[in-house]
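Engineer: Below is the file structure09.tsv, with TSV, C-alpha atoms.
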```tsv
chain	number	residue	atom	x	y	z
A	1	MET	CA	-15.91	-9.61	15.65
A	2	ASP	CA	-14.38	-12.32	17.87
A	3	ASP	CA	-10.70	-12.36	18.80
A	4	TRP	CA	-8.43	-14.37	16.47
A	5	THR	CA	-10.86	-14.24	13.57
A	6	CYS	CA	-10.86	-12.51	10.20
A	7	GLU	CA	-13.41	-12.02	7.43
A	8	TYR	CA	-13.27	-11.46	3.67
A	9	ARG	CA	-16.22	-11.25	1.28
A	10	GLY	CA	-18.52	-12.85	3.83
A	11	LEU	CA	-16.16	-15.73	4.68
A	12	VAL	CA	-15.33	-15.87	8.40
A	13	MET	CA	-12.07	-17.64	9.25
A	14	GLY	CA	-10.89	-18.84	12.65
A	15	ALA	CA	-14.27	-18.98	14.37
A	16	PRO	CA	-14.72	-21.75	16.98
A	17	GLY	CA	-15.99	-24.92	15.34
A	18	SER	CA	-15.37	-23.59	11.83
A	19	PRO	CA	-13.76	-25.95	9.27
A	20	ILE	CA	-11.50	-23.05	8.24
A	21	SER	CA	-8.71	-22.32	10.74
A	22	ILE	CA	-6.04	-19.61	10.63
A	23	VAL	CA	-2.50	-21.02	10.69
A	24	ALA	CA	-0.54	-17.82	10.05
A	25	VAL	CA	-0.97	-14.24	8.85
A	26	ASP	CA	1.91	-12.23	7.43
A	27	GLY	CA	2.00	-8.64	6.20
A	28	LEU	CA	-0.10	-6.81	8.78
A	29	LEU	CA	2.81	-5.91	11.07
A	30	SER	CA	5.40	-5.82	8.28
A	31	LEU	CA	6.40	-2.52	6.68
A	32	PRO	CA	5.26	-2.21	3.05
A	33	GLU	CA	7.91	-1.89	0.38
A	34	ILE	CA	9.45	1.59	0.35
A	35	ARG	CA	9.94	3.57	-2.86
A	36	THR	CA	12.87	5.90	-2.35
A	37	SER	CA	13.71	9.03	-4.32
A	38	ASP	CA	17.33	9.20	-3.15
A	39	LEU	CA	19.70	10.37	-5.89
A	40	ALA	CA	23.33	9.48	-6.45
A	41	LEU	CA	25.73	12.38	-5.84
A	42	VAL	CA	28.14	13.18	-8.66
A	43	GLN	CA	31.81	12.70	-7.76
A	44	ARG	CA	30.96	12.52	-4.08
A	45	HIS	CA	30.31	9.72	-1.62
A	46	GLY	CA	26.77	8.97	-0.56
A	47	LEU	CA	23.33	9.97	-1.82
A	48	TRP	CA	21.13	13.03	-1.86
A	49	ALA	CA	18.31	12.22	0.56
A	50	GLY	CA	14.91	12.28	-1.13
A	51	ASP	CA	11.44	11.51	0.18
A	52	ASP	CA	10.34	7.94	0.91
A	53	TYR	CA	6.95	6.62	-0.16
A	54	MET	CA	5.20	3.35	0.58
A	55	SER	CA	4.02	0.92	-2.07
A	56	GLY	CA	1.02	-1.38	-1.54
A	57	ARG	CA	0.67	-3.93	1.24
A	58	ALA	CA	0.74	-7.70	0.64
A	59	VAL	CA	-1.09	-9.81	3.25
A	60	THR	CA	-0.50	-13.58	3.18
A	61	LEU	CA	-3.03	-15.88	4.86
A	62	THR	CA	-2.25	-19.50	5.61
A	63	LEU	CA	-5.47	-21.42	6.27
A	64	GLU	CA	-6.16	-25.00	7.26
A	65	VAL	CA	-9.34	-26.30	5.70
A	66	TYR	CA	-10.67	-29.59	6.99
A	67	GLY	CA	-13.84	-31.61	7.34
A	68	SER	CA	-15.14	-34.61	9.23
A	69	THR	CA	-16.90	-35.77	6.06
A	70	GLN	CA	-16.18	-35.45	2.36
A	71	GLU	CA	-19.20	-33.18	1.97
A	72	GLU	CA	-18.14	-30.81	4.76
A	73	PHE	CA	-14.59	-30.68	3.38
A	74	SER	CA	-15.79	-29.90	-0.15
A	75	ARG	CA	-18.16	-27.17	1.05
A	76	ALA	CA	-15.39	-25.49	3.05
A	77	LEU	CA	-12.96	-25.58	0.12
A	78	THR	CA	-15.57	-24.19	-2.23
A	79	ALA	CA	-16.31	-21.35	0.20
A	80	VAL	CA	-12.60	-20.44	0.28
A	81	GLN	CA	-12.38	-20.54	-3.53
A	82	ALA	CA	-15.47	-18.34	-3.85
A	83	ALA	CA	-14.26	-15.75	-1.34
A	84	PHE	CA	-10.79	-15.48	-2.85
A	85	MET	CA	-11.86	-15.36	-6.48
A	86	PRO	CA	-9.50	-13.13	-8.54
A	87	GLY	CA	-10.48	-10.46	-11.03
A	88	GLY	CA	-12.78	-8.34	-8.87
A	89	GLY	CA	-12.22	-5.04	-7.14
A	90	GLU	CA	-10.77	-4.48	-3.71
A	91	ALA	CA	-12.87	-5.75	-0.81
A	92	VAL	CA	-12.57	-5.25	2.94
A	93	PHE	CA	-10.35	-7.74	4.76
A	94	ARG	CA	-11.41	-7.29	8.38
A	95	PHE	CA	-9.57	-8.83	11.32
A	96	ARG	CA	-9.26	-8.82	15.09
A	97	PHE	CA	-5.97	-10.22	16.35
A	98	PRO	CA	-5.09	-9.22	19.95
A	99	GLY	CA	-1.85	-7.25	19.87
A	100	ALA	CA	-2.19	-6.19	16.23
A	101	ALA	CA	-3.82	-2.82	15.46
A	102	GLY	CA	-3.97	-2.03	19.16
A	103	GLY	CA	-6.10	-5.12	19.72
A	104	GLN	CA	-8.96	-3.40	17.89
A	105	THR	CA	-11.00	-4.58	14.92
A	106	ALA	CA	-9.32	-3.16	11.82
A	107	PHE	CA	-9.26	-3.63	8.05
A	108	VAL	CA	-7.44	-3.16	4.76
A	109	ARG	CA	-9.01	-3.03	1.31
A	110	ALA	CA	-7.40	-5.69	-0.84
A	111	ARG	CA	-7.87	-8.12	-3.73
A	112	PRO	CA	-6.63	-11.72	-4.20
A	113	ARG	CA	-3.44	-12.03	-6.21
A	114	LYS	CA	-2.24	-15.58	-5.42
A	115	ARG	CA	-3.77	-18.79	-4.06
A	116	SER	CA	-2.00	-22.10	-3.40
A	117	ALA	CA	-3.76	-25.29	-2.28
A	118	PRO	CA	-1.70	-28.47	-2.81
A	119	MET	CA	-3.46	-31.82	-3.12
A	120	ASP	CA	-1.12	-34.02	-1.06
A	121	LEU	CA	-1.39	-36.83	1.48
A	122	ASN	CA	-3.17	-34.52	3.92
A	123	PHE	CA	-5.74	-33.78	1.25
A	124	MET	CA	-6.61	-37.47	1.10
A	125	HIS	CA	-7.41	-37.21	4.83
A	126	LEU	CA	-9.72	-34.21	4.29
A	127	VAL	CA	-7.17	-31.54	5.27
A	128	CYS	CA	-5.83	-28.84	2.93
A	129	ASN	CA	-3.42	-25.99	3.70
A	130	VAL	CA	-4.46	-23.01	1.58
A	131	VAL	CA	-2.15	-20.01	1.19
A	132	VAL	CA	-3.74	-16.80	-0.13
A	133	GLU	CA	-2.02	-13.53	-0.94
A	134	LEU	CA	-4.11	-10.37	-0.80
A	135	PHE	CA	-2.75	-7.09	-2.13
A	136	ALA	CA	-3.87	-3.67	-0.88
A	137	THR	CA	-2.99	-0.66	-3.02
A	138	ASP	CA	-3.49	1.52	0.08
A	139	PRO	CA	-0.98	0.24	2.66
A	140	THR	CA	-2.82	1.88	5.56
A	141	ILE	CA	-4.60	-0.32	8.11
A	142	TRP	CA	-7.77	1.43	9.26
A	143	GLY	CA	-9.76	1.13	12.45
A	144	ASP	CA	-13.11	-0.55	11.80
A	145	ALA	CA	-15.17	2.41	12.99
A	146	GLU	CA	-14.70	6.10	13.63
A	147	ARG	CA	-13.93	6.75	17.28
A	148	ARG	CA	-15.94	9.32	19.25
A	149	LEU	CA	-15.75	10.98	22.65
A	150	GLU	CA	-18.20	13.56	24.01
A	151	VAL	CA	-16.80	16.13	26.45
A	152	ILE	CA	-19.12	18.32	28.54
A	153	SER	CA	-18.15	21.52	30.31
A	154	GLY	CA	-18.91	22.26	33.95
A	155	VAL	CA	-22.07	24.19	34.89
A	156	GLY	CA	-23.30	26.19	37.86
A	157	GLY	CA	-19.86	26.95	39.21
A	158	GLN	CA	-18.75	23.33	39.08
A	159	PRO	CA	-15.32	22.75	37.52
A	160	SER	CA	-15.18	21.02	34.17
A	161	ARG	CA	-14.37	17.33	34.52
A	162	SER	CA	-11.72	15.53	32.48
A	163	TYR	CA	-12.69	12.77	30.04
A	164	ARG	CA	-10.43	9.83	29.21
A	165	LEU	CA	-9.46	9.40	25.57
A	166	ILE	CA	-7.37	6.51	24.21
A	167	GLN	CA	-5.87	6.75	20.73
A	168	TYR	CA	-4.92	3.18	19.75
A	169	GLY	CA	-3.61	4.03	16.28
A	170	ALA	CA	0.11	4.07	15.47
A	171	LYS	CA	-0.23	7.22	13.34
A	172	THR	CA	-0.99	10.60	14.90
A	173	ALA	CA	-4.75	11.18	14.66
A	174	MET	CA	-6.13	14.47	13.34
A	175	PRO	CA	-9.48	14.81	15.09
A	176	ALA	CA	-12.52	16.85	14.16
A	177	ILE	CA	-14.21	18.55	17.12
A	178	SER	CA	-17.82	19.76	16.92
A	179	ILE	CA	-18.65	22.22	19.71
A	180	ALA	CA	-22.18	23.34	20.56
A	181	ASN	CA	-23.81	25.85	22.99
A	182	ALA	CA	-20.47	27.47	23.73
A	183	VAL	CA	-19.24	30.96	24.50
A	184	ASN	CA	-15.54	31.34	23.70
A	185	PRO	CA	-14.84	27.60	24.09
A	186	VAL	CA	-11.44	26.14	24.97
A	187	ILE	CA	-10.71	22.43	24.51
A	188	GLU	CA	-7.81	21.31	26.69
A	189	ASN	CA	-5.56	18.29	26.57
A	190	VAL	CA	-4.87	18.06	30.29
A	191	THR	CA	-2.21	15.38	29.78
A	192	THR	CA	-0.04	17.41	27.40
A	193	GLY	CA	-0.97	20.84	28.73
A	194	THR	CA	-2.01	22.13	25.30
A	195	ARG	CA	-5.26	23.92	24.50
A	196	PHE	CA	-7.23	25.20	21.54
A	197	GLY	CA	-9.61	28.12	21.89
A	198	VAL	CA	-11.97	30.12	19.68
A	199	THR	CA	-13.50	33.52	20.42
A	200	TYR	CA	-17.04	32.85	19.26
A	201	THR	CA	-20.56	32.24	20.58
A	202	GLY	CA	-22.50	29.32	19.12
A	203	ALA	CA	-21.71	26.10	17.31
A	204	LEU	CA	-18.47	25.50	15.44
A	205	THR	CA	-16.25	22.73	14.08
A	206	ILE	CA	-12.50	22.40	14.48
A	207	ASP	CA	-10.96	20.43	11.60
A	208	THR	CA	-7.43	19.58	12.68
A	209	ARG	CA	-6.46	17.89	9.42
A	210	ALA	CA	-7.55	20.86	7.27
A	211	ARG	CA	-6.32	23.37	9.87
A	212	ARG	CA	-9.66	25.14	9.69
A	213	VAL	CA	-12.32	26.33	12.15
A	214	THR	CA	-15.82	26.78	10.73
A	215	ALA	CA	-18.83	28.37	12.41
A	216	SER	CA	-22.32	26.93	11.95
A	217	THR	CA	-23.00	29.91	9.67
A	218	GLY	CA	-20.21	28.78	7.35
A	219	ALA	CA	-17.84	31.57	8.33
A	220	THR	CA	-14.18	30.74	8.90
A	221	LEU	CA	-12.93	31.54	12.41
A	222	ALA	CA	-9.43	32.19	13.67
A	223	PRO	CA	-7.95	30.20	16.59
A	224	ALA	CA	-7.42	32.18	19.77
A	225	ALA	CA	-3.90	33.29	20.64
A	226	GLY	CA	-1.77	30.51	22.13
A	227	SER	CA	-3.83	27.72	20.55
A	228	THR	CA	-2.25	24.43	19.51
A	229	TRP	CA	-4.03	22.24	16.97
A	230	PRO	CA	-5.31	19.20	18.93
A	231	GLU	CA	-3.33	16.39	17.29
A	232	LEU	CA	-3.41	13.00	19.03
A	233	PRO	CA	-0.29	10.81	18.88
A	234	PRO	CA	-0.73	7.22	20.11
A	235	GLY	CA	-1.55	7.12	23.81
A	236	GLU	CA	-4.00	7.99	26.56
A	237	TYR	CA	-5.15	11.53	27.32
A	238	LEU	CA	-7.49	13.50	29.55
A	239	MET	CA	-9.62	16.03	27.66
A	240	ARG	CA	-11.54	18.96	29.16
A	241	LEU	CA	-13.85	21.66	27.80
A	242	ARG	CA	-14.29	25.15	29.25
A	243	HIS	CA	-16.33	28.15	28.10
A	244	ASP	CA	-17.45	31.53	29.42
A	245	ASP	CA	-21.10	30.83	30.27
A	246	ALA	CA	-21.31	28.94	33.58
A	247	SER	CA	-25.13	28.88	33.45
A	248	LYS	CA	-25.27	26.14	30.81
A	249	PRO	CA	-23.00	23.31	29.67
A	250	ALA	CA	-21.27	23.30	26.34
A	251	THR	CA	-20.48	20.05	24.53
A	252	ALA	CA	-17.61	18.96	22.33
A	253	ALA	CA	-17.83	15.80	20.18
A	254	ILE	CA	-14.31	14.62	19.32
A	255	THR	CA	-14.12	12.18	16.41
A	256	TRP	CA	-11.04	10.59	14.87
A	257	ASP	CA	-9.85	7.69	12.72
A	258	GLU	CA	-7.22	5.24	13.91
A	259	GLN	CA	-4.55	4.11	11.46
A	260	TRP	CA	-1.55	1.79	11.47
A	261	ILE	CA	1.28	1.17	9.01
```
Mind turning the file's structure into structure tokens?
Structural biologist:
Amino acid sequence: MDDWTCEYRGLVMGAPGSPISIVAVDGLLSLPEIRTSDLALVQRHGLWAGDDYMSGRAVTLTLEVYGSTQEEFSRALTAVQAAFMPGGGEAVFRFRFPGAAGGQTAFVRARPRKRSAPMDLNFMHLVCNVVVELFATDPTIWGDAERRLEVISGVGGQPSRSYRLIQYGAKTAMPAISIANAVNPVIENVTTGTRFGVTYTGALTIDTRARRVTASTGATLAPAAGSTWPELPPGEYLMRLRHDDASKPATAAITWDEQWI
């Protein structure tokens, strides 16, 4: 996807030469409405602090639709009406706006709730400003694709090299790590100084979100003493893999989703 473009139900907006331009987008950097569970204290000042929860996310698009001919203008307006037709289920609104979502391609799942397109003096000159409100019941903004980094251990007496990992998401990522051909592997975050090890020979998967390590046989394994679950807050890291058999390399495939609120 090109920079400064977005797409919904097959309609691409903001592309060079397109009759549909993006004037403004609101709601992607804004915090969704918060539902609080604070309770009033009886005969005391203040509130009892409860948990906060997010409601859905409203995204407002302001588009400029224009045409050099009446036919081009009508086709563009019809395409906008067709894409933002109400009554259907949630669809992917995908965008790439440098600075937002770490400058990566990202998306929300949303449905049209409002559409305004006044027929004014500009309309007579084949220009129409269309304002569309999309509503996402899940307020999370997701990276367009799962991220992946393969880390390989050293072999033949060579030290293990460090691999650069960048986590662009605003929320802490909970990676899954699939390790193969390893003897007592240890995955290290060189930047933070933390490590996660398992006393096992063979293939295994570390599921940080579920706090579970599973062998290829299906057995559940225990983390080695001193292990820290490999969470990834936003930022850049160096990752390294070591294991106890220097005659062959082990591999670790680190996968994670990037999310923003």
Engineer: Let me make sure I understand: among A:Glu33, A:Glu146, A:Asp207, A:Glu7, which one has the smallest atom-to-atom distance to Val108 of chain A if we use only C-alpha atoms?
Structural biologist: A:Glu7
Engineer: Would you work out the distance separating atom CA of Ser30 of chain A from atom CA of Gln81 of chain A, expressed in Å to one decimal?
Structural biologist: 25.9 Å
Engineer: Counting only C-alpha atoms, what is within 9 Å of Phe107 of chain A, bar same-chain residues fewer than 4 positions away, as a JSON list (two decimals) with C-alpha atoms, in the coordinates of the input?
Structural biologist:
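Once everything was written out, this is around_5.json:
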```
[["chain", "number", "residue", "atom", "x", "y", "z"],
["A", 92, "VAL", "CA", -12.57, -5.25, 2.94],
["A", 93, "PHE", "CA", -10.35, -7.74, 4.76],
["A", 94, "ARG", "CA", -11.41, -7.29, 8.38],
["A", 95, "PHE", "CA", -9.57, -8.83, 11.32],
["A", 96, "ARG", "CA", -9.26, -8.82, 15.09],
["A", 140, "THR", "CA", -2.82, 1.88, 5.56],
["A", 141, "ILE", "CA", -4.60, -0.32, 8.11],
["A", 142, "TRP", "CA", -7.77, 1.43, 9.26],
["A", 143, "GLY", "CA", -9.76, 1.13, 12.45],
["A", 144, "ASP", "CA", -13.11, -0.55, 11.80]]
```
Engineer: Determine, counting only C-alpha atoms, which protein, DNA and RNA residues have an atom within 9 Å of an atom of segment 226-228 of chain A; residues of the same chain fewer than 4 positions away are not included. Present the result as a PyMOL selection string.
Structural biologist: chain A and resi 186+194-198
Engineer: Mind dumping the selected residues with C-alpha atoms as a PDB file, in the coordinates of the input?
Structural biologist:
```
ATOM      1  CA  VAL A 186     -11.440  26.140  24.970  1.00  0.00           C
ATOM      2  CA  THR A 194      -2.010  22.130  25.300  1.00  0.00           C
ATOM      3  CA  ARG A 195      -5.260  23.920  24.500  1.00  0.00           C
ATOM      4  CA  PHE A 196      -7.230  25.200  21.540  1.00  0.00           C
ATOM      5  CA  GLY A 197      -9.610  28.120  21.890  1.00  0.00           C
ATOM      6  CA  VAL A 198     -11.970  30.120  19.680  1.00  0.00           C
TER       7      VAL A 198
END
```
Engineer: Residues at most 10 Å from Val12 of chain A, counting all atoms listed in the file, excluding those fewer than 4 positions away in the same chain, as a VMD selection string?
Structural biologist: chain A and resid 1 5 to 8 18 20 to 21 79 to 80 83 94 to 95
Engineer: List the spatial neighbours of Ser153 of chain A as a VMD selection string - criterion: any atom at most 12 Å away, all atoms listed in the file, same-chain residues fewer than 5 positions off excluded.
Structural biologist: chain A and resid 158 to 163 179 to 183 185 to 188 239 to 253
Engineer: Take the residues that were just selected and, keeping C-alpha atoms, output them as a CSV table (one decimal), in the coordinates of the input.
Structural biologist:
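part_25.csv, freshly written:
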```csv
chain,number,residue,atom,x,y,z
A,158,GLN,CA,-18.8,23.3,39.1
A,159,PRO,CA,-15.3,22.8,37.5
A,160,SER,CA,-15.2,21.0,34.2
A,161,ARG,CA,-14.4,17.3,34.5
A,162,SER,CA,-11.7,15.5,32.5
A,163,TYR,CA,-12.7,12.8,30.0
A,179,ILE,CA,-18.6,22.2,19.7
A,180,ALA,CA,-22.2,23.3,20.6
A,181,ASN,CA,-23.8,25.8,23.0
A,182,ALA,CA,-20.5,27.5,23.7
A,183,VAL,CA,-19.2,31.0,24.5
A,185,PRO,CA,-14.8,27.6,24.1
A,186,VAL,CA,-11.4,26.1,25.0
A,187,ILE,CA,-10.7,22.4,24.5
A,188,GLU,CA,-7.8,21.3,26.7
A,239,MET,CA,-9.6,16.0,27.7
A,240,ARG,CA,-11.5,19.0,29.2
A,241,LEU,CA,-13.8,21.7,27.8
A,242,ARG,CA,-14.3,25.2,29.2
A,243,HIS,CA,-16.3,28.2,28.1
A,244,ASP,CA,-17.4,31.5,29.4
A,245,ASP,CA,-21.1,30.8,30.3
A,246,ALA,CA,-21.3,28.9,33.6
A,247,SER,CA,-25.1,28.9,33.4
A,248,LYS,CA,-25.3,26.1,30.8
A,249,PRO,CA,-23.0,23.3,29.7
A,250,ALA,CA,-21.3,23.3,26.3
A,251,THR,CA,-20.5,20.0,24.5
A,252,ALA,CA,-17.6,19.0,22.3
A,253,ALA,CA,-17.8,15.8,20.2
```
Engineer: Write out as a PDB file with C-alpha atoms, keeping the file's coordinate frame the residues lying within 8 Å of segment 119-136 of chain A, counting all atoms listed in the file and excluding same-chain residues fewer than 3 positions away.
Structural biologist:
```pdb
ATOM      1  CA  GLY A  56       1.020  -1.380  -1.540  1.00  0.00           C
ATOM      2  CA  ARG A  57       0.670  -3.930   1.240  1.00  0.00           C
ATOM      3  CA  ALA A  58       0.740  -7.700   0.640  1.00  0.00           C
ATOM      4  CA  VAL A  59      -1.090  -9.810   3.250  1.00  0.00           C
ATOM      5  CA  THR A  60      -0.500 -13.580   3.180  1.00  0.00           C
ATOM      6  CA  LEU A  61      -3.030 -15.880   4.860  1.00  0.00           C
ATOM      7  CA  THR A  62      -2.250 -19.500   5.610  1.00  0.00           C
ATOM      8  CA  LEU A  63      -5.470 -21.420   6.270  1.00  0.00           C
ATOM      9  CA  GLU A  64      -6.160 -25.000   7.260  1.00  0.00           C
ATOM     10  CA  VAL A  65      -9.340 -26.300   5.700  1.00  0.00           C
ATOM     11  CA  TYR A  66     -10.670 -29.590   6.990  1.00  0.00           C
ATOM     12  CA  GLY A  67     -13.840 -31.610   7.340  1.00  0.00           C
ATOM     13  CA  SER A  68     -15.140 -34.610   9.230  1.00  0.00           C
ATOM     14  CA  THR A  69     -16.900 -35.770   6.060  1.00  0.00           C
ATOM     15  CA  GLN A  70     -16.180 -35.450   2.360  1.00  0.00           C
ATOM     16  CA  PHE A  73     -14.590 -30.680   3.380  1.00  0.00           C
ATOM     17  CA  PHE A  84     -10.790 -15.480  -2.850  1.00  0.00           C
ATOM     18  CA  GLU A  90     -10.770  -4.480  -3.710  1.00  0.00           C
ATOM     19  CA  VAL A 108      -7.440  -3.160   4.760  1.00  0.00           C
ATOM     20  CA  ARG A 109      -9.010  -3.030   1.310  1.00  0.00           C
ATOM     21  CA  ALA A 110      -7.400  -5.690  -0.840  1.00  0.00           C
ATOM     22  CA  ARG A 111      -7.870  -8.120  -3.730  1.00  0.00           C
ATOM     23  CA  PRO A 112      -6.630 -11.720  -4.200  1.00  0.00           C
ATOM     24  CA  ARG A 113      -3.440 -12.030  -6.210  1.00  0.00           C
ATOM     25  CA  LYS A 114      -2.240 -15.580  -5.420  1.00  0.00           C
ATOM     26  CA  ARG A 115      -3.770 -18.790  -4.060  1.00  0.00           C
ATOM     27  CA  SER A 116      -2.000 -22.100  -3.400  1.00  0.00           C
ATOM     28  CA  PRO A 139      -0.980   0.240   2.660  1.00  0.00           C
TER      29      PRO A 139
END
```
Engineer: Would you list the residues near (-0.9, 15.0, 24.6), meaning any protein, DNA or RNA residue with an atom at most 10 Å from that point in file coordinates, counting all atoms listed in the file, as a list in words?
Structural biologist: Glu188, Asn189, Val190, Thr191, Thr192, Gly193, Thr194, Arg195, Pro230, Glu231, Leu232, Pro233, Pro234, Gly235, Glu236, Tyr237, Leu238 and Met239 of chain A
Engineer: Would you output that residue set with C-alpha atoms, as a compact mmCIF listing (two decimals), keeping the file's coordinate frame?
Structural biologist:
```
# COMPACT_ATOMS: atom_id res chain seq x y z
CA GLU A 188 -7.81 21.31 26.69
CA ASN A 189 -5.56 18.29 26.57
CA VAL A 190 -4.87 18.06 30.29
CA THR A 191 -2.21 15.38 29.78
CA THR A 192 -0.04 17.41 27.40
CA GLY A 193 -0.97 20.84 28.73
CA THR A 194 -2.01 22.13 25.30
CA ARG A 195 -5.26 23.92 24.50
CA PRO A 230 -5.31 19.20 18.93
CA GLU A 231 -3.33 16.39 17.29
CA LEU A 232 -3.41 13.00 19.03
CA PRO A 233 -0.29 10.81 18.88
CA PRO A 234 -0.73 7.22 20.11
CA GLY A 235 -1.55 7.12 23.81
CA GLU A 236 -4.00 7.99 26.56
CA TYR A 237 -5.15 11.53 27.32
CA LEU A 238 -7.49 13.50 29.55
CA MET A 239 -9.62 16.03 27.66
```
Engineer: For atom CA of Tyr53 of chain A and atom CA of Ala24 of chain A, determine how far apart the two atoms are, in Å to one decimal place.
Structural biologist: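 Answer for the atom CA of Tyr53 of chain A to atom CA of Ala24 of chain A separation: 27.5 Å.
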Engineer: Padding 5 Å on each side, edges along x, y and z: where is the centre of the box around the listed atoms of segment 179-193 of chain A, and how long are its edges in Å to one decimal? Output it as JSON.
Structural biologist:
```
{"center_x": -11.9, "center_y": 23.4, "center_z": 25.0, "size_x": 33.8, "size_y": 26.0, "size_z": 20.6}
```
Engineer: Using atom CA of Ala101 of chain A and atom CA of Ala176 of chain A as the two end points, give the distance in Å to one decimal.
Structural biologist: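 Separation between atom CA of Ala101 of chain A and atom CA of Ala176 of chain A: 21.5 Å.
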Engineer: Kindly indicate which residue among A:Ser178, A:Ala117, A:Gly99, A:Trp256 lies nearest to Leu28 of chain A, using only C-alpha atoms for the distances.
Structural biologist: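 Closest to Leu28 of chain A, using only C-alpha atoms: A:Gly99.
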Engineer: Select, from A:Leu31, A:Leu11, A:Leu41, A:Ile22, the residue with the minimum atom-to-atom distance to Ala82 of chain A, counting all atoms listed in the file.
Structural biologist: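 Closest residue, counting all atoms listed in the file: A:Leu11.
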Engineer: Just checking: using only C-alpha atoms, which residue out of A:Ala225, A:Ile177, A:Glu72, A:Thr36 ends up closest to Arg212 of chain A?
Structural biologist: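 Ranked by minimum distance to Arg212 of chain A, first place goes to A:Ile177.
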